[in-house]
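Asker: Below is the file work-v9.txt, which contains compact mmCIF, C-alpha atoms.
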```txt
# COMPACT_ATOMS: atom_id res chain seq x y z
CA MET A 1 57.82 191.59 170.09
CA SER A 2 58.80 189.23 172.89
CA MET A 3 58.58 185.50 173.49
CA TRP A 4 58.83 183.00 176.34
CA TRP A 5 58.76 179.25 176.82
CA SER A 6 58.77 176.82 179.72
CA LEU A 7 59.92 173.21 179.84
CA HIS A 8 59.09 170.74 182.60
CA LEU A 9 61.91 168.20 182.56
CA ARG A 10 62.81 164.99 184.33
CA ARG A 11 65.82 165.16 186.62
CA GLU A 12 68.11 163.11 184.42
CA ALA A 13 71.32 163.99 182.66
CA ALA A 14 69.82 163.67 179.17
CA SER A 15 67.47 166.61 179.89
CA VAL A 16 70.39 169.06 180.10
CA PRO A 17 71.33 169.04 176.40
CA LEU A 18 67.62 169.03 175.50
CA ALA A 19 67.11 172.35 177.35
CA ARG A 20 70.35 173.77 175.91
CA ARG A 21 69.38 172.87 172.31
CA PHE A 22 65.89 174.33 172.80
CA LEU A 23 67.40 177.61 174.00
CA LEU A 24 69.96 177.74 171.18
CA GLY A 25 67.28 177.04 168.57
CA THR A 26 65.05 179.78 169.95
CA MET A 27 67.88 182.30 170.02
CA GLU A 28 69.08 181.43 166.53
CA THR A 29 65.55 181.80 165.15
CA ALA A 30 65.09 185.12 166.96
CA GLY A 31 68.42 186.43 165.64
CA VAL A 32 70.47 186.68 168.83
CA ASP A 33 74.24 187.11 168.41
CA PRO A 34 75.90 183.64 168.52
CA ASP A 35 78.37 184.62 171.27
CA ILE A 36 75.55 185.74 173.56
CA SER A 37 73.60 182.57 172.73
CA TYR A 38 76.62 180.44 173.60
CA ASP A 39 77.17 182.18 176.96
CA LEU A 40 73.52 181.74 177.90
CA SER A 41 73.50 178.10 176.78
CA VAL A 42 76.52 177.29 178.97
CA ALA A 43 74.95 179.08 181.95
CA LEU A 44 71.68 177.21 181.34
CA SER A 45 73.54 173.89 181.14
CA GLU A 46 75.19 174.57 184.49
CA ALA A 47 71.87 175.53 186.14
CA CYS A 48 70.16 172.43 184.72
CA ALA A 49 73.04 170.17 185.80
CA ASN A 50 72.72 171.65 189.29
CA ALA A 51 68.98 170.87 189.33
CA VAL A 52 69.60 167.32 188.12
CA GLU A 53 72.34 166.73 190.70
CA HIS A 54 70.87 168.49 193.73
CA GLY A 55 67.17 169.03 192.98
CA GLY A 56 65.73 166.18 195.06
CA ASP A 57 66.09 162.47 195.60
CA ARG A 58 66.23 159.91 192.80
CA ARG A 59 62.74 158.58 193.45
CA GLY A 60 60.42 159.18 190.51
CA THR A 61 63.02 160.56 188.12
CA GLY A 62 61.74 158.39 185.30
CA GLU A 63 65.18 156.99 184.65
CA ALA A 64 63.72 153.77 183.27
CA GLY A 65 61.31 155.70 181.04
CA GLY A 66 61.74 158.21 178.25
CA VAL A 67 64.05 161.19 178.35
CA GLY A 68 63.14 164.79 178.76
CA LEU A 69 59.70 166.32 178.94
CA VAL A 70 57.35 165.45 181.79
CA PRO A 71 53.67 164.96 180.93
CA ALA A 72 51.42 167.59 182.52
CA ASP A 73 49.55 164.98 184.59
CA ASP A 74 52.85 163.69 186.03
CA GLU A 75 53.14 166.88 188.12
CA GLN A 76 50.09 165.78 190.12
CA SER A 77 51.18 162.15 190.52
CA GLY A 78 53.54 162.64 193.47
CA HIS A 79 56.72 162.65 191.37
CA ALA A 80 57.59 166.31 192.00
CA CYS A 81 61.04 165.34 193.29
CA GLY A 82 61.87 163.91 189.85
CA ARG A 83 61.43 167.05 187.77
CA TYR A 84 62.54 170.62 187.31
CA ARG A 85 61.36 173.58 185.25
CA VAL A 86 63.24 175.81 182.81
CA THR A 87 61.63 179.09 181.71
CA ALA A 88 63.14 181.59 179.29
CA TYR A 89 61.90 185.08 178.40
CA LEU A 90 63.32 186.98 175.43
CA ASP A 91 62.36 190.57 174.80
CA GLY A 92 63.91 193.35 172.80
CA GLU A 93 66.83 193.94 175.11
CA LYS A 94 67.45 190.99 177.41
CA CYS A 95 66.97 187.31 178.05
CA ARG A 96 65.93 186.04 181.47
CA ILE A 97 66.25 182.35 182.32
CA GLU A 98 64.95 180.63 185.43
CA VAL A 99 65.63 177.05 186.52
CA ALA A 100 63.52 175.83 189.45
CA ASP A 101 63.74 172.41 191.06
CA SER A 102 61.79 170.64 193.79
CA GLY A 103 64.72 169.66 195.98
CA PRO A 104 65.69 170.92 199.42
CA GLY A 105 66.77 174.33 198.09
CA PHE A 106 69.82 176.34 199.03
CA PRO A 107 70.73 176.19 202.72
CA SER A 108 69.57 179.23 204.65
CA ARG A 109 73.13 179.81 205.82
CA ARG A 110 75.87 178.38 203.63
CA THR A 111 79.21 179.89 204.54
CA LEU A 112 81.98 177.72 203.20
CA ARG A 113 84.83 180.11 203.97
CA THR A 114 85.23 183.73 204.83
CA ALA A 115 87.43 185.84 202.60
CA ALA A 116 90.17 185.64 205.24
CA GLN A 117 90.07 181.81 205.20
CA SER A 118 91.17 181.23 201.63
CA PRO A 119 92.07 177.70 200.59
CA ALA A 120 95.72 176.88 200.02
CA GLY A 121 96.94 178.44 196.81
CA TYR A 122 94.16 181.07 196.65
CA PRO A 123 94.72 184.66 197.75
CA ALA A 124 92.13 186.22 200.03
CA ASP A 125 89.36 187.65 197.84
CA PRO A 126 88.49 191.21 198.88
CA GLN A 127 85.02 190.78 197.28
CA PRO A 128 83.99 187.14 197.76
CA TYR A 129 81.08 185.66 195.88
CA VAL A 130 77.95 186.47 197.89
CA ALA A 131 74.46 185.20 197.17
CA HIS A 132 71.16 185.64 198.98
CA PRO A 133 69.73 182.10 198.99
CA THR A 134 66.59 183.08 200.90
CA GLY A 135 66.17 186.43 199.21
CA ASP A 136 66.99 188.06 202.54
CA PRO A 137 70.19 190.16 202.23
CA SER A 138 70.87 189.71 205.96
CA ARG A 139 71.29 185.95 205.37
CA THR A 140 74.12 185.76 202.88
CA CYS A 141 76.41 182.95 201.93
CA THR A 142 80.02 183.26 200.94
CA VAL A 143 81.36 180.72 198.51
CA MET A 144 85.00 180.61 197.57
CA PRO A 145 86.18 178.78 194.45
CA PRO A 146 86.86 175.08 194.94
CA PRO A 147 90.44 173.82 195.04
CA GLU A 148 92.05 173.52 191.60
CA THR A 149 91.92 169.71 191.80
CA ALA A 150 88.19 169.54 192.64
CA GLU A 151 86.04 167.87 189.98
CA SER A 152 82.90 169.89 190.75
CA GLY A 153 81.70 173.03 192.48
CA ARG A 154 82.23 175.63 189.76
CA GLY A 155 78.77 175.80 188.15
CA LEU A 156 77.18 178.65 190.12
CA GLY A 157 80.33 180.76 189.80
CA LEU A 158 80.41 180.09 186.05
CA ILE A 159 76.79 181.23 185.74
CA GLU A 160 77.75 184.47 187.50
CA GLU A 161 80.62 185.03 185.08
CA LEU A 162 78.49 184.44 181.97
CA ALA A 163 75.34 186.39 182.94
CA ASP A 164 74.81 190.06 183.72
CA HIS A 165 72.59 189.52 186.77
CA VAL A 166 72.16 186.32 188.82
CA HIS A 167 69.86 185.42 191.71
CA PHE A 168 70.01 182.21 193.76
CA GLY A 169 66.95 181.66 195.93
CA ASN A 170 64.41 179.23 197.30
CA ARG A 171 60.80 178.76 196.28
CA PRO A 172 58.18 178.92 199.02
CA GLY A 173 57.82 175.41 200.35
CA ARG A 174 60.60 173.46 198.69
CA GLY A 175 63.03 173.94 195.86
CA ALA A 176 65.90 176.06 194.62
CA VAL A 177 65.62 178.73 191.93
CA VAL A 178 68.53 179.95 189.82
CA SER A 179 67.62 182.91 187.63
CA PHE A 180 69.89 184.98 185.43
CA ASP A 181 69.66 187.77 182.85
CA LYS A 182 71.86 188.85 180.00
CA ILE A 183 71.62 191.90 177.75
CA LEU A 184 71.17 190.70 174.18
CA LYS A 185 73.04 191.64 171.03
CA TRP A 186 71.32 191.01 167.73
CA ARG A 187 72.30 189.97 164.24
CA GLU A 188 71.28 192.32 161.42
CA GLY A 189 67.57 191.87 160.58
CA ALA A 190 66.76 189.91 163.78
CA LEU A 191 63.10 189.18 164.51
CA LEU A 192 63.01 190.57 168.06
CA MET A 193 65.55 193.37 167.73
CA VAL A 194 64.86 196.55 169.66
CA SER A 195 63.38 199.08 167.24
```
Could you spell out this file's structure in C-alpha cells?

Answerer:
Amino acid sequence: MSMWWSLHLRREAASVPLARRFLLGTMETAGVDPDISYDLSVALSEACANAVEHGGDRRGTGEAGGVGLVPADDEQSGHACGRYRVTAYLDGEKCRIEVADSGPGFPSRRTLRTAAQSPAGYPADPQPYVAHPTGDPSRTCTVMPPPETAESGRGLGLIEELADHVHFGNRPGRGAVVSFDKILKWREGALLMVS
C-alpha cells in the first residue's frame, strides 16, 4: 500500500507548522519510526520556510485573511505569487516530499564561493555543496556554509543533511522546487510496512 497528499498553502509563516503537523500525523498513522518522521518534518519545515521567504512577492499572500490552505479557485485568481504546494508520497520503502513555489526560482548560476575561497574560520571544503538548480549538471552552484554569526542561510544544507537524496530545481516558467527522499524505517505492525 502507498499514499500521497498535496497541500496548496498561502505563503505565510503560519503555513509552515500546518504542513509539518500534517506530515507528522500522516507518518504516525502509517507507522513510520519517530526519528525518521522528525528528520523529515524538520527538512519539510526548512523547505516551506524557504518557499514562504523567497517564493515570490508579498502581493496576494492572504496575510489579512485566514491561515493555511488556499481555496482551489484562488489558483486561477491571479494570486499565484502568494502560494506554494507541498506534496508527500509514502510507499513501502521511502518518503518523497516536494515543495514548489511560484517565485523567481533558483538563479541559473549561483556561485557564492569556490572551495578555495572559504570564509574566515572555515577550512577549504574538498567536496563543496553542489546543486543543479536548472537540472542541468553543467550549470552547478557551489554554496558554502554561512558565517557562524549569520542568522539565516542554513536551510538547504540542513535539508541535505536530513534526507537521503535532495534535488533543487526550477519549474518550467517560474518557481523553485525542493524535493527530497528518505528511506523509511517502520514501527512493528505499521500499516504501510514493506511486506

Asker: Can you work out which one of A:Val86, A:Ile97, A:Ala190, A:Ala47 has the shortest atom-to-atom distance to Gly155 in chain A, counting only C-alpha atoms?

Answerer: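 The closest residue to Gly155 in chain A is A:Ala47.
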
Asker: Report the distance between CA of Leu18 in chain A and CA of Leu158 in chain A in Å, rounded to one decimal place.

Answerer: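 One can read the CA of Leu18 in chain A to CA of Leu158 in chain A distance as 19.9 Å.
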
Asker: One number please: CA of Gly175 in chain A to CA of Arg21 in chain A, in Å, one decimal.

Answerer: 24.4 Å

Asker: Tell me, in Å to one decimal, how far CA of Arg11 in chain A is from CA of Thr87 in chain A.

Answerer: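 So the two atoms, CA of Arg11 in chain A and CA of Thr87 in chain A, lie 15.4 Å apart.
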
Asker: Got a sec to check which residues sit within 10 Å of (71.6, 170.3, 194.8), counting only C-alpha atoms, and write them as a list of chain:residue names?

Answerer: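 In the file's frame, the residues around the point are A:Ala49, A:Asn50, A:Ala51, A:Val52, A:Glu53, A:His54, A:Gly55, A:Gly56, A:Asp57, A:Asp101, A:Ser102, A:Gly103, A:Pro104, A:Gly105, A:Phe106, A:Pro107, A:Gly175, A:Ala176.
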
Asker: Around (68.8, 177.9, 187.2) in the file's frame, which residues reach within 6 Å when counting only C-alpha atoms? Return as a list in words?

Answerer: Ala47, Glu98, Val99, Val177, Val178 and Ser179 of chain A

Asker: What's the 8 Å shell around range 24-39 of chain A, counting all atoms listed in the file, without same-chain residues fewer than 3 positions away, as a ChimeraX atom specification?

Answerer: /A:20-21,42-43,162-163,184-193
